[in-house]
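Read through the structure below, which is laid out as structure tokens, and then see the notes.
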Amino acid sequence: MFKLISDLVDPFVRGRVDAPNSTPLSFIHQQMRPLRWIILACFVTTICAALIEVWLVYYAGHLVNRLVAIPPDQIWALMGAELVLAAFILLALRPAVALLNEGLDDIVFRPIAVSMVRWQAHQHIMRQSVGWFRNQQSGQLAQRVREIGVSATGTIYAVLHGLIYVVTYFVGSFWLFTAIDFRLAIPLLIWVAFYSLHMAYAVPRFSRHYERFEAAKTDLTSLLVDNYANIETVKLYADQSYEDQHALTKFRRAFTAFVGVQRFEVVINVGMVVLSNMLLVGLIGYALYLWHVGAAQLGLVAASLALATRVSSMAEWMMDAVASIYGNIGATREALRSVAQPMDMPATPNAPNLKFKDGAIEFRDISHHYGQGAGGLDRLSLHIEPGQKVALVGASGAGKSTLVNLMLRHYAPERGKILLDGQDISHIDQNSLRQNIAHVSQDVSLLNRSLRDNIAFGHSQASQSDLYDAARRAHAHQFIQNTADDMGNQGYDAIVGERGVRLSGGQKQRISLARALLRNAPILILDEATSALDSEVEADILDALYTFMADKTVIAIAHRLSTIAHMDKIAFIENGRIVELGRHDELLARNGRYASLWRTQSRDKLTE
Ligand SMILES: Nc1ncnc2c1ncn2[C@@H]1O[C@H](COP(=O)(O)OP(=O)(O)OP(=O)(O)O)[C@@H](O)[C@H]1O
């Protein structure tokens, strides 16, 4: 039955939420909307379960009163039907309601809600631009996406399973007390006042500590991920005592924050023990007094005894529930710092797909300083004819990769526009833009999947022969066949490890080239695409690339000028501007910055 209900909601619907709301309560409200009917069902079953509990206490008192009043041999005659009904409630109705309530909460609601919120958060984050990701810490992001599913769901769960249950129980008990003897409501009301004061003091403080604890945990995860991912640099360069000290600061912060949370849990719990005992003494003492002066029957003492015990444990439950609600809201607020960030480059609604014609690219008056007022590109214009091969050269930090990043829409230019076949790339669907571009960068990092999956990434329909052909042209087929991983996978099925650690830099670059060759997009961007290869392999691959490039528009970044000397156009970039533009021989004849760099590199080559 629960499976049937679970099947009603698919937690993994794509792109349902465009922009997550940024405050915890509105976020939770927005995210849980698809589950509102399940939440309502949980709400109803929780109230039923609580009412049965109240009835049970009432019935205990009622039973004692009746047993005192009737002779033992008359019990079946006078109370038989009533006792059978009570047994039915205890043996059938109460377990059935409990099953429904627990099942809906724990089998249906929680697993769906946790997965759904995480999935939506992941979907939103994955739509952020590469530029946005470059300003984030991946460990922190992963922790927040994981955490927000648990905390948002935990808030609702605590409301449903704790608060609603206990409030119903309180209200039911209060009504029962006043129905039996309104005077019994007096100690209960005094107790509720103390209880509220205790909650008002402890719970907001607990929430603040919890938020601090979550932030410290996220910070610690981020440090660990950063260290483990960069273990080589850490091992080679780290000053061990400084690194230990740095890590220790984060561990200490997490520890202190944890102690803060625990301290308030102790304050809450001990406060509750005191309050519970006050309730027991106040309520039972008062009932005993009423019985002693002949103002109440024995049943009232029995009922108040049962009720006081139950109410005090419910009160602890309520405190836990409220603390859990506040704690989860704090954790949700913490996670929302990443998860609810607005899209830094929102897609134009219903943006049309790129209508590719012949691959003309125009950078029109582009400036981009990464929001820092300087660096990057400065009012750069460049026109690339269809099918033209253009090289970008210049010193490190001149702005070459920035130009490529803007072309790939990793960032939106701060000024100017980029036109592809006359269409402003900021107004077209970003996927359709990227599908027309193959990009090979100097900094290749592969996904932790098989070699086959890495080459065919984004091209899963590619045939085996196309895949092998691309790998051969990238000079990768040979070494792939000799590759194996620890799990016993061989060749194209071997898993490359995180970021491709099981491969050499040159091998990774060849896989990246094979991926670009397989994609066979009409625009090719090569950012130091052969920098990790030895000269022999590089020469062979360049031959293959030149043939491949024949009908494509190409932008190539290179430091070694010999690899781009034959290009149609060479742009020499300095301080974010093109200072020289022309063919290799034209630039040599001009005897400027390019010619000087060429002479330096030729000299270096001769002295090698
Ligand atoms: N994400 C970023 N945030 C801030 N500044 C950046 C960012 N990326 C690059 N820059 C700055 O922009 C300038 C141009 O960098 P870019 O990477 O485009 O240079 P490049 O010419 O490609 O250098 P290289 O040849 O070393 O790859 C540099 O001053 C760099 O510090």
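Ligands are numbered from 1 in the order shown, residues from 1 within each chain, and chains are lettered A, B, ... in the order they appear in the structure tokens.
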
Determine, using only C-alpha atoms and all ligand atoms, which residues of chain A have any atom at most 7 Å from an atom of ligand 1, and tabulate each with its shortest atom pair and distance in Å to one decimal place, rows ordered by chain and then rising number, as a tab-separated table.
```
residue	atom	partner	partner_atom_place_in_ligand_line	distance
A:Gly131	CA	ligand 1	1 (N)	6.4
A:Arg134	CA	ligand 1	1 (N)	6.2
A:His369	CA	ligand 1	12 (O)	6.7
A:Tyr370	CA	ligand 1	4 (C)	4.9
A:Gly375	CA	ligand 1	29 (O)	4.6
A:Gly376	CA	ligand 1	12 (O)	3.7
A:Gly394	CA	ligand 1	21 (O)	6.4
A:Ala395	CA	ligand 1	25 (O)	6.0
A:Ser396	CA	ligand 1	26 (O)	3.5
A:Gly397	CA	ligand 1	19 (O)	3.4
A:Ala398	CA	ligand 1	21 (O)	3.8
A:Gly399	CA	ligand 1	18 (O)	3.2
A:Lys400	CA	ligand 1	21 (O)	3.9
A:Ser401	CA	ligand 1	22 (O)	3.6
A:Thr402	CA	ligand 1	18 (O)	3.6
A:Leu403	CA	ligand 1	18 (O)	6.6
```

Write the residues of the preceding selection, restricted to N, CA and C atoms, as a PDB file, in the first residue's frame.
```pdb
ATOM      1  N   GLY A 131      31.541  30.006 -14.134  1.00  0.00           N
ATOM      2  CA  GLY A 131      32.102  31.120 -13.361  1.00  0.00           C
ATOM      3  C   GLY A 131      31.623  31.088 -11.923  1.00  0.00           C
ATOM      4  N   ARG A 134      33.411  28.463 -10.010  1.00  0.00           N
ATOM      5  CA  ARG A 134      34.813  28.786  -9.707  1.00  0.00           C
ATOM      6  C   ARG A 134      34.931  29.611  -8.431  1.00  0.00           C
ATOM      7  N   HIS A 369      36.166  42.081 -16.535  1.00  0.00           N
ATOM      8  CA  HIS A 369      37.225  42.191 -15.514  1.00  0.00           C
ATOM      9  C   HIS A 369      36.905  41.325 -14.299  1.00  0.00           C
ATOM     10  N   TYR A 370      36.059  40.334 -14.435  1.00  0.00           N
ATOM     11  CA  TYR A 370      35.659  39.451 -13.326  1.00  0.00           C
ATOM     12  C   TYR A 370      35.151  40.271 -12.131  1.00  0.00           C
ATOM     13  N   GLY A 375      42.115  43.802 -15.148  1.00  0.00           N
ATOM     14  CA  GLY A 375      42.449  42.426 -15.541  1.00  0.00           C
ATOM     15  C   GLY A 375      41.438  41.931 -16.570  1.00  0.00           C
ATOM     16  N   GLY A 376      41.582  40.700 -17.017  1.00  0.00           N
ATOM     17  CA  GLY A 376      40.635  40.138 -17.986  1.00  0.00           C
ATOM     18  C   GLY A 376      40.758  40.809 -19.345  1.00  0.00           C
ATOM     19  N   GLY A 394      50.021  35.468 -26.628  1.00  0.00           N
ATOM     20  CA  GLY A 394      50.317  36.571 -25.703  1.00  0.00           C
ATOM     21  C   GLY A 394      50.823  36.019 -24.397  1.00  0.00           C
ATOM     22  N   ALA A 395      51.279  36.919 -23.553  1.00  0.00           N
ATOM     23  CA  ALA A 395      51.878  36.489 -22.287  1.00  0.00           C
ATOM     24  C   ALA A 395      50.834  35.874 -21.372  1.00  0.00           C
ATOM     25  N   SER A 396      51.304  35.171 -20.378  1.00  0.00           N
ATOM     26  CA  SER A 396      50.406  34.588 -19.381  1.00  0.00           C
ATOM     27  C   SER A 396      49.645  35.709 -18.675  1.00  0.00           C
ATOM     28  N   GLY A 397      48.338  35.514 -18.538  1.00  0.00           N
ATOM     29  CA  GLY A 397      47.518  36.529 -17.862  1.00  0.00           C
ATOM     30  C   GLY A 397      47.041  37.629 -18.795  1.00  0.00           C
ATOM     31  N   ALA A 398      47.334  37.494 -20.118  1.00  0.00           N
ATOM     32  CA  ALA A 398      46.964  38.560 -21.052  1.00  0.00           C
ATOM     33  C   ALA A 398      45.457  38.623 -21.284  1.00  0.00           C
ATOM     34  N   GLY A 399      44.755  37.481 -21.150  1.00  0.00           N
ATOM     35  CA  GLY A 399      43.305  37.478 -21.330  1.00  0.00           C
ATOM     36  C   GLY A 399      42.815  36.478 -22.368  1.00  0.00           C
ATOM     37  N   LYS A 400      43.688  35.585 -22.826  1.00  0.00           N
ATOM     38  CA  LYS A 400      43.316  34.644 -23.883  1.00  0.00           C
ATOM     39  C   LYS A 400      42.207  33.695 -23.421  1.00  0.00           C
ATOM     40  N   SER A 401      42.417  33.070 -22.251  1.00  0.00           N
ATOM     41  CA  SER A 401      41.401  32.117 -21.762  1.00  0.00           C
ATOM     42  C   SER A 401      40.107  32.831 -21.415  1.00  0.00           C
ATOM     43  N   THR A 402      40.214  34.094 -21.000  1.00  0.00           N
ATOM     44  CA  THR A 402      38.996  34.854 -20.677  1.00  0.00           C
ATOM     45  C   THR A 402      38.123  34.958 -21.930  1.00  0.00           C
ATOM     46  N   LEU A 403      38.767  35.214 -23.068  1.00  0.00           N
ATOM     47  CA  LEU A 403      38.020  35.327 -24.322  1.00  0.00           C
ATOM     48  C   LEU A 403      37.281  34.025 -24.619  1.00  0.00           C
TER      49      LEU A 403
END
```

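The residue set within 10 Å of Leu451 in chain A, counting only C-alpha atoms and dropping same-chain residues fewer than 3 places from it, reads Leu446, Leu447, Asn448, Asn454, Ile455, Ala456, Phe457, Ile480, Thr483, Gln490, Gly491, Tyr492, Asp493, Ala494, Ile495, Val496, Gly497, Gly500, Lys508 and Ile511 of chain A.
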
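Neighbours of Gly458 in chain A closer than or equal to 9 Å, with only C-alpha atoms counted and sequence neighbours fewer than 4 positions away skipped, come out as A:Gln435, A:Asp453, A:Asn454, A:Arg519.
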
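The coordinates place CA of Asp424 in chain A at 9.4 Å from CA of Leu354 in chain A.
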
*asked:* To test your reading of the structure, identify every residue in range 447-511 of chain A that backbone DSSP assigns to helix (DSSP H, G or I), and report it as an NGL selection string.
replied: :A and (451-455 or 464-473 or 477-481 or 491-493 or 505-511)

With N, CA and C atoms retained, export the selected residues as a PDB file, in the first residue's frame.
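Final output, selection.pdb:
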```pdb
ATOM      1  N   LEU A 451      36.995   4.977 -19.576  1.00  0.00           N
ATOM      2  CA  LEU A 451      37.576   5.722 -20.700  1.00  0.00           C
ATOM      3  C   LEU A 451      36.539   5.906 -21.801  1.00  0.00           C
ATOM      4  N   ARG A 452      35.755   4.844 -22.019  1.00  0.00           N
ATOM      5  CA  ARG A 452      34.700   4.911 -23.034  1.00  0.00           C
ATOM      6  C   ARG A 452      33.732   6.061 -22.714  1.00  0.00           C
ATOM      7  N   ASP A 453      33.265   6.103 -21.447  1.00  0.00           N
ATOM      8  CA  ASP A 453      32.299   7.141 -21.066  1.00  0.00           C
ATOM      9  C   ASP A 453      32.906   8.531 -21.162  1.00  0.00           C
ATOM     10  N   ASN A 454      34.190   8.633 -20.854  1.00  0.00           N
ATOM     11  CA  ASN A 454      34.822   9.947 -20.930  1.00  0.00           C
ATOM     12  C   ASN A 454      34.935  10.430 -22.367  1.00  0.00           C
ATOM     13  N   ILE A 455      35.258   9.524 -23.271  1.00  0.00           N
ATOM     14  CA  ILE A 455      35.375   9.956 -24.669  1.00  0.00           C
ATOM     15  C   ILE A 455      33.988  10.258 -25.238  1.00  0.00           C
ATOM     16  N   GLN A 464      30.536   2.309 -31.756  1.00  0.00           N
ATOM     17  CA  GLN A 464      31.855   1.810 -31.338  1.00  0.00           C
ATOM     18  C   GLN A 464      32.927   2.205 -32.349  1.00  0.00           C
ATOM     19  N   SER A 465      32.599   2.097 -33.648  1.00  0.00           N
ATOM     20  CA  SER A 465      33.642   2.370 -34.646  1.00  0.00           C
ATOM     21  C   SER A 465      33.992   3.858 -34.655  1.00  0.00           C
ATOM     22  N   ASP A 466      32.992   4.749 -34.454  1.00  0.00           N
ATOM     23  CA  ASP A 466      33.298   6.187 -34.386  1.00  0.00           C
ATOM     24  C   ASP A 466      34.179   6.482 -33.170  1.00  0.00           C
ATOM     25  N   LEU A 467      33.841   5.800 -32.069  1.00  0.00           N
ATOM     26  CA  LEU A 467      34.598   6.006 -30.827  1.00  0.00           C
ATOM     27  C   LEU A 467      36.068   5.609 -31.021  1.00  0.00           C
ATOM     28  N   TYR A 468      36.262   4.421 -31.602  1.00  0.00           N
ATOM     29  CA  TYR A 468      37.627   3.937 -31.831  1.00  0.00           C
ATOM     30  C   TYR A 468      38.372   4.844 -32.816  1.00  0.00           C
ATOM     31  N   ASP A 469      37.645   5.296 -33.815  1.00  0.00           N
ATOM     32  CA  ASP A 469      38.264   6.146 -34.828  1.00  0.00           C
ATOM     33  C   ASP A 469      38.780   7.447 -34.193  1.00  0.00           C
ATOM     34  N   ALA A 470      37.924   8.062 -33.331  1.00  0.00           N
ATOM     35  CA  ALA A 470      38.332   9.308 -32.652  1.00  0.00           C
ATOM     36  C   ALA A 470      39.544   9.037 -31.774  1.00  0.00           C
ATOM     37  N   ALA A 471      39.512   7.914 -31.048  1.00  0.00           N
ATOM     38  CA  ALA A 471      40.633   7.590 -30.155  1.00  0.00           C
ATOM     39  C   ALA A 471      41.913   7.370 -30.962  1.00  0.00           C
ATOM     40  N   ARG A 472      41.789   6.723 -32.122  1.00  0.00           N
ATOM     41  CA  ARG A 472      42.985   6.478 -32.956  1.00  0.00           C
ATOM     42  C   ARG A 472      43.572   7.810 -33.420  1.00  0.00           C
ATOM     43  N   ARG A 473      42.665   8.707 -33.901  1.00  0.00           N
ATOM     44  CA  ARG A 473      43.170   9.979 -34.436  1.00  0.00           C
ATOM     45  C   ARG A 473      43.823  10.820 -33.335  1.00  0.00           C
ATOM     46  N   HIS A 477      44.153   5.261 -28.793  1.00  0.00           N
ATOM     47  CA  HIS A 477      43.670   3.880 -28.897  1.00  0.00           C
ATOM     48  C   HIS A 477      44.694   2.883 -28.333  1.00  0.00           C
ATOM     49  N   GLN A 478      45.943   3.138 -28.685  1.00  0.00           N
ATOM     50  CA  GLN A 478      47.002   2.211 -28.287  1.00  0.00           C
ATOM     51  C   GLN A 478      47.118   2.092 -26.763  1.00  0.00           C
ATOM     52  N   PHE A 479      47.281   3.262 -26.102  1.00  0.00           N
ATOM     53  CA  PHE A 479      47.498   3.166 -24.651  1.00  0.00           C
ATOM     54  C   PHE A 479      46.214   2.740 -23.932  1.00  0.00           C
ATOM     55  N   ILE A 480      45.057   3.056 -24.520  1.00  0.00           N
ATOM     56  CA  ILE A 480      43.802   2.650 -23.868  1.00  0.00           C
ATOM     57  C   ILE A 480      43.751   1.122 -23.763  1.00  0.00           C
ATOM     58  N   GLN A 481      44.211   0.458 -24.843  1.00  0.00           N
ATOM     59  CA  GLN A 481      44.129  -1.007 -24.827  1.00  0.00           C
ATOM     60  C   GLN A 481      45.026  -1.636 -23.756  1.00  0.00           C
ATOM     61  N   GLY A 491      41.017  -1.839 -20.839  1.00  0.00           N
ATOM     62  CA  GLY A 491      40.822  -1.076 -22.064  1.00  0.00           C
ATOM     63  C   GLY A 491      39.820   0.051 -21.901  1.00  0.00           C
ATOM     64  N   TYR A 492      38.875   0.123 -22.843  1.00  0.00           N
ATOM     65  CA  TYR A 492      37.906   1.227 -22.832  1.00  0.00           C
ATOM     66  C   TYR A 492      37.009   1.193 -21.586  1.00  0.00           C
ATOM     67  N   ASP A 493      36.952   0.044 -20.916  1.00  0.00           N
ATOM     68  CA  ASP A 493      36.101  -0.054 -19.722  1.00  0.00           C
ATOM     69  C   ASP A 493      36.836   0.324 -18.438  1.00  0.00           C
ATOM     70  N   GLY A 505      49.384  13.193 -17.747  1.00  0.00           N
ATOM     71  CA  GLY A 505      48.843  14.447 -18.288  1.00  0.00           C
ATOM     72  C   GLY A 505      48.612  14.347 -19.789  1.00  0.00           C
ATOM     73  N   GLY A 506      49.588  13.757 -20.496  1.00  0.00           N
ATOM     74  CA  GLY A 506      49.466  13.637 -21.950  1.00  0.00           C
ATOM     75  C   GLY A 506      48.344  12.694 -22.339  1.00  0.00           C
ATOM     76  N   GLN A 507      48.176  11.617 -21.566  1.00  0.00           N
ATOM     77  CA  GLN A 507      47.087  10.659 -21.867  1.00  0.00           C
ATOM     78  C   GLN A 507      45.733  11.329 -21.657  1.00  0.00           C
ATOM     79  N   LYS A 508      45.628  12.111 -20.577  1.00  0.00           N
ATOM     80  CA  LYS A 508      44.356  12.809 -20.329  1.00  0.00           C
ATOM     81  C   LYS A 508      44.052  13.757 -21.481  1.00  0.00           C
ATOM     82  N   GLN A 509      45.101  14.450 -21.923  1.00  0.00           N
ATOM     83  CA  GLN A 509      44.890  15.399 -23.004  1.00  0.00           C
ATOM     84  C   GLN A 509      44.447  14.681 -24.290  1.00  0.00           C
ATOM     85  N   ARG A 510      44.977  13.482 -24.511  1.00  0.00           N
ATOM     86  CA  ARG A 510      44.578  12.730 -25.714  1.00  0.00           C
ATOM     87  C   ARG A 510      43.125  12.262 -25.612  1.00  0.00           C
ATOM     88  N   ILE A 511      42.712  11.909 -24.388  1.00  0.00           N
ATOM     89  CA  ILE A 511      41.301  11.520 -24.211  1.00  0.00           C
ATOM     90  C   ILE A 511      40.400  12.727 -24.490  1.00  0.00           C
TER      91      ILE A 511
END
```

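With distances restricted to only C-alpha atoms, A:Pro346 is the closest residue to Gln430 in chain A from A:Glu362, A:Pro346, A:Asp226, A:Ser463.
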
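Compared by their closest atoms to Tyr201 in chain A, and using only C-alpha atoms, the residues A:Leu90, A:Ala323, A:Val393, A:Leu283 rank with A:Ala323 nearest.
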
_What's around Ala571 in chain A at 6 Å? Count only C-alpha atoms, leave out sequence neighbours fewer than 6 positions away in its own chain, and write the answer as a list in words._
Leu392, Glu580 and Leu581 of chain A

*Write out as a ChimeraX atom specification each polymer residue whose atoms come within 10 Å of Leu561 in chain A, counting only C-alpha atoms; drop sequence neighbours fewer than 6 positions from it.*
/A:391-394,570,584,594,597-598,601-602

Prev. selection, C-alpha atoms, output as a CSV table (one decimal), in the first residue's frame:
```csv
chain,number,residue,atom,x,y,z
A,391,ALA,CA,45.2,31.8,-32.9
A,392,LEU,CA,45.3,33.8,-29.7
A,393,VAL,CA,48.8,34.4,-28.4
A,394,GLY,CA,50.3,36.6,-25.7
A,570,ILE,CA,47.0,35.5,-35.3
A,584,HIS,CA,52.3,34.9,-39.4
A,594,TYR,CA,54.8,38.8,-32.1
A,597,LEU,CA,58.4,36.4,-29.3
A,598,TRP,CA,58.9,34.3,-32.4
A,601,GLN,CA,61.3,31.0,-29.3
A,602,SER,CA,63.3,30.2,-32.4
```

_Within 7 Å of range 302-318 of chain A using only C-alpha atoms, minus same-chain residues under 5 positions, as number ranges by chain_ = A: 57-58, 60-61, 162-163, 166, 272, 276, 279-280, 283-284, 287

Go ahead and save the picked residues with N, CA and C atoms, as an mmCIF file, in the first residue's frame.
```cif
data_model
loop_
_atom_site.group_PDB
_atom_site.id
_atom_site.type_symbol
_atom_site.label_atom_id
_atom_site.label_comp_id
_atom_site.auth_asym_id
_atom_site.auth_seq_id
_atom_site.Cartn_x
_atom_site.Cartn_y
_atom_site.Cartn_z
ATOM 1 N N VAL A 57 -6.134 7.288 28.301
ATOM 2 C CA VAL A 57 -5.968 7.819 29.658
ATOM 3 C C VAL A 57 -7.342 8.059 30.291
ATOM 4 N N TYR A 58 -8.222 8.642 29.463
ATOM 5 C CA TYR A 58 -9.582 8.890 29.964
ATOM 6 C C TYR A 58 -10.222 7.573 30.397
ATOM 7 N N ALA A 60 -8.840 4.781 31.338
ATOM 8 C CA ALA A 60 -8.242 4.203 32.557
ATOM 9 C C ALA A 60 -8.981 4.740 33.786
ATOM 10 N N GLY A 61 -9.206 6.057 33.826
ATOM 11 C CA GLY A 61 -9.921 6.680 34.953
ATOM 12 C C GLY A 61 -11.363 6.208 35.010
ATOM 13 N N GLY A 162 6.052 15.313 15.857
ATOM 14 C CA GLY A 162 6.223 15.780 17.225
ATOM 15 C C GLY A 162 5.160 16.782 17.616
ATOM 16 N N LEU A 163 5.250 17.945 16.965
ATOM 17 C CA LEU A 163 4.429 19.072 17.413
ATOM 18 C C LEU A 163 2.933 18.795 17.334
ATOM 19 N N VAL A 166 1.812 16.183 19.866
ATOM 20 C CA VAL A 166 1.840 16.617 21.259
ATOM 21 C C VAL A 166 0.790 17.696 21.516
ATOM 22 N N MET A 272 13.579 20.074 31.427
ATOM 23 C CA MET A 272 12.363 19.270 31.231
ATOM 24 C C MET A 272 12.132 18.307 32.382
ATOM 25 N N SER A 276 8.851 18.258 34.480
ATOM 26 C CA SER A 276 8.030 17.044 34.532
ATOM 27 C C SER A 276 7.681 16.697 35.968
ATOM 28 N N LEU A 279 5.134 18.886 37.384
ATOM 29 C CA LEU A 279 3.800 18.521 36.905
ATOM 30 C C LEU A 279 3.245 17.331 37.682
ATOM 31 N N LEU A 280 4.120 16.327 37.865
ATOM 32 C CA LEU A 280 3.678 15.129 38.582
ATOM 33 C C LEU A 280 3.215 15.484 39.996
ATOM 34 N N LEU A 283 0.020 17.996 39.877
ATOM 35 C CA LEU A 283 -1.233 17.436 39.378
ATOM 36 C C LEU A 283 -1.748 16.303 40.277
ATOM 37 N N ILE A 284 -0.846 15.371 40.569
ATOM 38 C CA ILE A 284 -1.291 14.224 41.377
ATOM 39 C C ILE A 284 -1.585 14.682 42.806
ATOM 40 N N ALA A 287 -4.945 16.301 42.792
ATOM 41 C CA ALA A 287 -6.011 15.292 42.660
ATOM 42 C C ALA A 287 -6.190 14.530 43.969
#
```

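When CA of Leu100 in chain A is paired with CA of Gly172 in chain A, their separation reads 21.0 Å.
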
*Pick the closest to Lys355 in chain A from A:Lys417, A:Val404, A:His427, A:Met79: which is it, counting only C-alpha atoms?*
A:His427

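Among the residues of range 420-463 of chain A, backbone DSSP assigns strand (DSSP E or B) to Leu420, Gln423, Asp424, Ile437, Ala438, His439, Val440, Leu446 and Ser450 of chain A.
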
_Applying 9 Å and only C-alpha atoms, which residues near Leu35 in chain A remain after dropping the ones on its own chain fewer than 4 positions away? List them as number ranges by chain._
A: 9, 31, 39-40, 109, 112-113

Could you save those same residues with N, CA and C atoms as an mmCIF file, in the first residue's frame?
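Final output, result_21.cif:
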```cif
data_model
loop_
_atom_site.group_PDB
_atom_site.id
_atom_site.type_symbol
_atom_site.label_atom_id
_atom_site.label_comp_id
_atom_site.auth_asym_id
_atom_site.auth_seq_id
_atom_site.Cartn_x
_atom_site.Cartn_y
_atom_site.Cartn_z
ATOM 1 N N VAL A 9 4.147 10.098 -6.270
ATOM 2 C CA VAL A 9 5.019 11.269 -6.425
ATOM 3 C C VAL A 9 6.403 10.817 -6.848
ATOM 4 N N GLN A 31 9.223 23.807 -1.539
ATOM 5 C CA GLN A 31 9.718 22.476 -1.907
ATOM 6 C C GLN A 31 8.718 21.361 -1.612
ATOM 7 N N ILE A 39 1.435 15.012 3.178
ATOM 8 C CA ILE A 39 1.604 15.705 4.464
ATOM 9 C C ILE A 39 0.253 15.802 5.177
ATOM 10 N N LEU A 40 -0.795 16.083 4.407
ATOM 11 C CA LEU A 40 -2.138 16.183 5.015
ATOM 12 C C LEU A 40 -2.544 14.827 5.605
ATOM 13 N N PHE A 109 6.741 9.651 3.238
ATOM 14 C CA PHE A 109 7.102 11.081 3.231
ATOM 15 C C PHE A 109 8.618 11.331 3.266
ATOM 16 N N ILE A 112 10.922 10.258 0.209
ATOM 17 C CA ILE A 112 10.618 11.052 -0.994
ATOM 18 C C ILE A 112 11.097 12.483 -0.800
ATOM 19 N N ALA A 113 10.745 13.059 0.382
ATOM 20 C CA ALA A 113 11.054 14.477 0.587
ATOM 21 C C ALA A 113 12.561 14.730 0.575
#
```

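Nearest residue to Val68 in chain A among A:Gly582, A:Gly359, A:Gly299, A:Arg599 is A:Gly299, counting only C-alpha atoms.
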